[in-house]
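Colleague: I am attaching a structure below and will ask some questions about it afterwards.
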Amino acid sequence: MWKIKWMIIAYLILLILSGCNGSASPSPEVTYNVTSTLDPSVSPIKHSDQLTFGIIYPMAHPFYEMITDSIEKASKPYSIQLIVKAPDEISLEQQMRMMETMIAQKVNGIAIDPIDSVALTPLINKASQAGIPVICFESDVPASKRYSYIGSDPLKEGTLMGQIIDRNLKGRGMIMIEGSMSDSPQISRRLEGIIQYLNQNTEIQVLETRYHHGDNEKAISDLESMIDEHPHFDALIPLDIVSSSNAILVWKSQGLKRYAITFGLTPEVKKALLNGQINAVISEYEEQWGEKIIEQLLAATKNAPTPTWVDTGFQEIKQSDMTVE
């Protein structure tokens, strides 16, 4: 038990240090600027015509640092300044405040991974009315005036997850599920796809589903409780990156040999796949998000016609698919 707690503390310290960007004390939100280097031979944009794009994440996490790196790389051929913001942990209030700030700053475009599709609709519409195009990625706000959505279909992701669970458990067994928020459209649709498939095609039972609301301590406490209460479970299914991060800690600490199958190919999950703490992951081709986000923001500033949904697709990745770097 103490071993797990110290692992949690170390993990939280790592997140704070990675999010503070060198400041002496933690901030309630992470924010930093990146200005790309203009190459005139690649882009006709002049430096005086520099664009400012805001990127808003649902929380600070190494996964989103990876996405920021890919966005920065995709922006390098252009004269673009990136303002990247994220709450330390999932906070709708902070994310809404970040949107308000970027609207007031009159940025040229905003890309947001929205926490709440209902609460953020008015703010996305406000930005659009102010002439600031907004694109959503990973999670959508379909009722808003957002320019486009970059991501895959979470219901179909859930169906694939059901198939993966079925294959590994051979149609029978007991699973536990943990996610971020029950009212998240992405999480609820993934869960719906899983349950529909399992009920229609297997005898697999869902023992319990819990939600951590972005709180790392709650996530790991819930995992420990579920393991204690259901010692004969066959698999754990984390529905989001926080759940998978903490599942990896528990698997390492307790030396569990049960199945763990998750969503999101984070750097942690890549290592866990190689080490055997995670058996499979559904990836949304996250390495391509940066390029697609910059493409959509540039198109939006020109009012270019675009699909309202840029489907990233998804795929299962197993240990056998990984290579040691």
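Following the order of the structure tokens, first chain is A, next is B, and so on, with residues numbered from 1 inside each chain and ligands from 1 in the order they appear.
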Env of range 284-291 of chain A: 7 Å cut, atoms = only C-alpha atoms, seq-sep filter 5 positions within chain, self excluded. Answer as a PyMOL selection string.
Modeller: chain A and resi 67+70-71+74+152+264+312-315
Colleague: Could you turn the residues from that selection into a file that holds N, CA and C atoms, as a PDB file, in the first residue's frame?
Modeller:
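For reference, again_14.pdb as written:
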```
ATOM      1  N   ILE A  67       1.397  15.722 -27.890  1.00  0.00           N
ATOM      2  CA  ILE A  67       0.593  16.365 -28.933  1.00  0.00           C
ATOM      3  C   ILE A  67       1.133  17.762 -29.223  1.00  0.00           C
ATOM      4  N   SER A  70       4.011  17.632 -31.541  1.00  0.00           N
ATOM      5  CA  SER A  70       3.633  17.392 -32.936  1.00  0.00           C
ATOM      6  C   SER A  70       3.001  18.633 -33.559  1.00  0.00           C
ATOM      7  N   ILE A  71       2.268  19.431 -32.764  1.00  0.00           N
ATOM      8  CA  ILE A  71       1.702  20.684 -33.267  1.00  0.00           C
ATOM      9  C   ILE A  71       2.817  21.668 -33.588  1.00  0.00           C
ATOM     10  N   ALA A  74       4.495  20.685 -36.772  1.00  0.00           N
ATOM     11  CA  ALA A  74       3.673  20.967 -37.953  1.00  0.00           C
ATOM     12  C   ALA A  74       3.612  22.457 -38.260  1.00  0.00           C
ATOM     13  N   SER A 152     -11.988  10.427 -33.905  1.00  0.00           N
ATOM     14  CA  SER A 152     -12.645   9.237 -34.422  1.00  0.00           C
ATOM     15  C   SER A 152     -14.006   9.060 -33.760  1.00  0.00           C
ATOM     16  N   GLY A 264      -5.691   5.212 -26.055  1.00  0.00           N
ATOM     17  CA  GLY A 264      -4.718   6.295 -26.069  1.00  0.00           C
ATOM     18  C   GLY A 264      -3.287   5.809 -25.966  1.00  0.00           C
ATOM     19  N   THR A 312      -9.894  10.694 -37.832  1.00  0.00           N
ATOM     20  CA  THR A 312      -8.525  10.200 -37.678  1.00  0.00           C
ATOM     21  C   THR A 312      -8.439   8.685 -37.802  1.00  0.00           C
ATOM     22  N   GLY A 313      -9.575   8.010 -37.612  1.00  0.00           N
ATOM     23  CA  GLY A 313      -9.547   6.556 -37.585  1.00  0.00           C
ATOM     24  C   GLY A 313      -8.942   6.051 -36.287  1.00  0.00           C
ATOM     25  N   PHE A 314      -8.841   4.733 -36.150  1.00  0.00           N
ATOM     26  CA  PHE A 314      -8.263   4.139 -34.948  1.00  0.00           C
ATOM     27  C   PHE A 314      -7.812   2.731 -35.263  1.00  0.00           C
ATOM     28  N   GLN A 315      -6.955   2.209 -34.399  1.00  0.00           N
ATOM     29  CA  GLN A 315      -6.424   0.864 -34.616  1.00  0.00           C
ATOM     30  C   GLN A 315      -6.022   0.239 -33.289  1.00  0.00           C
TER      31      GLN A 315
END
```
Colleague: Write out as a PyMOL selection string all residues of range 115-289 of chain A that DSSP puts in alpha helix (DSSP H) for this structure's backbone.
Modeller: chain A and resi 121-129+154-169+185-201+216-229+241-254+267-275+289
Colleague: Using only C-alpha atoms, which of the listed residues (A:Ser128, A:Asn303, A:Asn199, A:Ser188) sits closest to Leu239 in chain A?
Modeller: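 When distances to Leu239 in chain A are compared using only C-alpha atoms, the smallest one comes from A:Ser188.
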Colleague: One number please: CA of Gln94 in chain A to CA of Met181 in chain A, in Å, one decimal.
Modeller: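 Calculated distance between CA of Gln94 in chain A and CA of Met181 in chain A is 16.4 Å.
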Colleague: Give me the residues near Gly131 in chain A as a list of chain:residue names, where near means some atom within 9 Å (using only C-alpha atoms) and where sequence neighbours in that chain fewer than 2 positions away do not count.
Modeller: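 Near neighbours after the sequence-gap exclusion: A:Lys106, A:Asn108, A:Gly109, A:Lys126, A:Ala127, A:Ser128, A:Gln129, A:Pro133.
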Colleague: Atoms to include: C-alpha atoms. Write the selected residues as a PDB file, in the first residue's frame.
Modeller:
```
ATOM      1  CA  LYS A 106      -8.265  38.046 -30.391  1.00  0.00           C
ATOM      2  CA  ASN A 108      -6.537  33.914 -35.020  1.00  0.00           C
ATOM      3  CA  GLY A 109      -7.887  30.490 -34.169  1.00  0.00           C
ATOM      4  CA  LYS A 126     -18.985  33.468 -29.003  1.00  0.00           C
ATOM      5  CA  ALA A 127     -15.532  32.943 -30.522  1.00  0.00           C
ATOM      6  CA  SER A 128     -17.041  32.192 -33.922  1.00  0.00           C
ATOM      7  CA  GLN A 129     -19.172  35.349 -33.793  1.00  0.00           C
ATOM      8  CA  PRO A 133     -12.637  29.935 -35.777  1.00  0.00           C
TER       9      PRO A 133
END
```
Colleague: Do a neighbour search on Gln163 in chain A at 12 Å with only C-alpha atoms, toss out local chain neighbours closer than 3 positions, and write the hits as a list in words.
Modeller: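 Listed by chain and then number, they are Lys156, Glu157, Gly158, Thr159, Leu160, Asp166, Arg167, Asn168, Leu169, Lys170, Gly171, Gly193, Ile194, Ile195, Gln196, Tyr197, Leu198, Asn199, Gln200, Asn201, Thr202, Ile204, Ile261, Ala280, Ile282 and Glu316 of chain A.
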Colleague: Output N, CA and C atoms for every residue in the selection just made, as a compact mmCIF listing (two decimals), in the first residue's frame.
Modeller:
```
# COMPACT_ATOMS: atom_id res chain seq x y z
N LYS A 156 -17.68 3.44 -32.17
CA LYS A 156 -16.99 2.39 -32.92
C LYS A 156 -15.72 1.95 -32.19
N GLU A 157 -15.05 2.91 -31.52
CA GLU A 157 -13.90 2.54 -30.71
C GLU A 157 -14.32 1.55 -29.62
N GLY A 158 -15.46 1.83 -28.99
CA GLY A 158 -15.97 0.94 -27.96
C GLY A 158 -16.29 -0.44 -28.49
N THR A 159 -16.84 -0.48 -29.70
CA THR A 159 -17.15 -1.78 -30.33
C THR A 159 -15.88 -2.57 -30.55
N LEU A 160 -14.83 -1.91 -31.06
CA LEU A 160 -13.55 -2.60 -31.24
C LEU A 160 -13.00 -3.07 -29.90
N ASP A 166 -13.35 -9.65 -25.91
CA ASP A 166 -13.92 -10.95 -26.27
C ASP A 166 -12.83 -11.92 -26.70
N ARG A 167 -11.92 -11.44 -27.55
CA ARG A 167 -10.84 -12.29 -28.06
C ARG A 167 -9.91 -12.76 -26.95
N ASN A 168 -9.56 -11.86 -26.05
CA ASN A 168 -8.63 -12.21 -24.98
C ASN A 168 -9.26 -13.09 -23.91
N LEU A 169 -10.52 -12.83 -23.60
CA LEU A 169 -11.20 -13.59 -22.55
C LEU A 169 -11.98 -14.78 -23.11
N LYS A 170 -11.95 -14.94 -24.44
CA LYS A 170 -12.62 -16.06 -25.11
C LYS A 170 -14.11 -16.13 -24.77
N GLY A 171 -14.72 -14.94 -24.71
CA GLY A 171 -16.18 -14.87 -24.59
C GLY A 171 -16.74 -14.98 -23.19
N GLY A 193 -20.41 1.47 -26.58
CA GLY A 193 -19.97 0.52 -27.60
C GLY A 193 -19.48 -0.78 -26.99
N ILE A 194 -18.74 -0.68 -25.89
CA ILE A 194 -18.25 -1.88 -25.21
C ILE A 194 -19.41 -2.74 -24.71
N ILE A 195 -20.33 -2.10 -23.98
CA ILE A 195 -21.44 -2.84 -23.37
C ILE A 195 -22.32 -3.48 -24.44
N GLN A 196 -22.64 -2.74 -25.49
CA GLN A 196 -23.47 -3.29 -26.57
C GLN A 196 -22.84 -4.54 -27.16
N TYR A 197 -21.54 -4.45 -27.45
CA TYR A 197 -20.88 -5.62 -28.06
C TYR A 197 -20.86 -6.80 -27.10
N LEU A 198 -20.46 -6.57 -25.86
CA LEU A 198 -20.34 -7.67 -24.91
C LEU A 198 -21.69 -8.33 -24.64
N ASN A 199 -22.75 -7.52 -24.50
CA ASN A 199 -24.07 -8.08 -24.23
C ASN A 199 -24.60 -8.90 -25.40
N GLN A 200 -24.29 -8.47 -26.61
CA GLN A 200 -24.83 -9.14 -27.79
C GLN A 200 -24.01 -10.35 -28.22
N ASN A 201 -22.73 -10.40 -27.82
CA ASN A 201 -21.86 -11.42 -28.40
C ASN A 201 -21.12 -12.30 -27.39
N THR A 202 -21.21 -11.99 -26.11
CA THR A 202 -20.41 -12.73 -25.14
C THR A 202 -21.20 -13.00 -23.85
N ILE A 204 -19.50 -12.17 -21.05
CA ILE A 204 -18.62 -11.40 -20.18
C ILE A 204 -19.43 -10.42 -19.34
N ILE A 261 -6.48 -3.41 -20.91
CA ILE A 261 -6.62 -2.97 -22.31
C ILE A 261 -7.20 -1.56 -22.27
N ALA A 280 -3.06 -4.40 -24.69
CA ALA A 280 -3.41 -3.83 -25.99
C ALA A 280 -3.95 -2.43 -25.77
N ILE A 282 -6.07 0.94 -27.96
CA ILE A 282 -6.68 1.49 -29.17
C ILE A 282 -6.13 2.88 -29.37
N GLU A 316 -6.03 -1.08 -33.25
CA GLU A 316 -5.51 -1.80 -32.09
C GLU A 316 -4.01 -1.97 -32.22
```
Colleague: Between A:Ile132, A:Leu82, A:Ile227, A:Val242, which one has atoms that come closest to Thr301 in chain A, using only C-alpha atoms?
Modeller: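 Residue with the minimum atom-to-atom distance to Thr301 in chain A: A:Ile132.
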Colleague: Between CA of Ala272 in chain A and CA of Ile150 in chain A, what distance in Å does the model show, to one decimal?
Modeller: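 Result for CA of Ala272 in chain A versus CA of Ile150 in chain A: 26.7 Å, one decimal.
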Colleague: Give me the residues near Asp240 in chain A as a list in words, where near means some atom within 6 Å (using only C-alpha atoms) and where sequence neighbours in that chain fewer than 3 positions away do not count.
Modeller: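 The residues satisfying every condition are Gly179, Ser243 and Phe263 of chain A.
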Colleague: Generate the output file for the selected residues, N, CA, C and O atoms, as a PDB file, in the first residue's frame.
Modeller:
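Result written to part_9.pdb:
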```
ATOM      1  N   GLY A 179     -13.224   5.270 -15.878  1.00  0.00           N
ATOM      2  CA  GLY A 179     -13.158   6.372 -16.831  1.00  0.00           C
ATOM      3  C   GLY A 179     -13.049   7.698 -16.115  1.00  0.00           C
ATOM      4  O   GLY A 179     -13.011   7.760 -14.881  1.00  0.00           O
ATOM      5  N   SER A 243      -6.843   7.048 -16.261  1.00  0.00           N
ATOM      6  CA  SER A 243      -7.112   5.691 -15.771  1.00  0.00           C
ATOM      7  C   SER A 243      -5.989   4.735 -16.168  1.00  0.00           C
ATOM      8  O   SER A 243      -5.556   3.907 -15.364  1.00  0.00           O
ATOM      9  N   PHE A 263      -7.302   2.860 -23.935  1.00  0.00           N
ATOM     10  CA  PHE A 263      -7.397   3.789 -25.055  1.00  0.00           C
ATOM     11  C   PHE A 263      -6.275   4.819 -24.940  1.00  0.00           C
ATOM     12  O   PHE A 263      -5.973   5.295 -23.846  1.00  0.00           O
TER      13      PHE A 263
END
```
Colleague: When DSSP works through the backbone of this structure, what residues of range 168-226 of chain A end up as strand (DSSP E or B), shown as a PyMOL selection string?
Modeller: chain A and resi 172-179+203-211
Colleague: How many Å separate CA of Pro305 in chain A from CA of Met96 in chain A?
Modeller: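 About the pair CA of Pro305 in chain A and CA of Met96 in chain A: they are 27.6 Å apart.
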Colleague: Between A:Tyr64, A:Ser79, A:Ile164, A:Leu120, which is the closest to Arg97 in chain A once you count only C-alpha atoms?
Modeller: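 For Arg97 in chain A, the nearest of the given residues is A:Leu120.
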Colleague: For a quick check of understanding, using only C-alpha atoms, which of A:Thr266, A:Asn125, A:Thr308, A:Ser253 has the smallest distance to Glu224 in chain A?
Modeller: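 Of all the options, A:Ser253 lies closest to Glu224 in chain A.
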Colleague: Do a neighbour search on Ile112 in chain A at 12 Å with only C-alpha atoms, toss out local chain neighbours closer than 4 positions, and write the hits as a PyMOL selection string.
Modeller: chain A and resi 53-59+64+83-86+95-96+98-99+102+116-117+120-121+123-124+127+133-141+146-151+293+297
Colleague: Considering only C-alpha atoms, state which residue in the set A:Pro307, A:Gly255, A:Pro185, A:Pro77 is at the smallest distance from Pro114 in chain A.
Modeller: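 That would be A:Pro185, the residue with the smallest distance to Pro114 in chain A.
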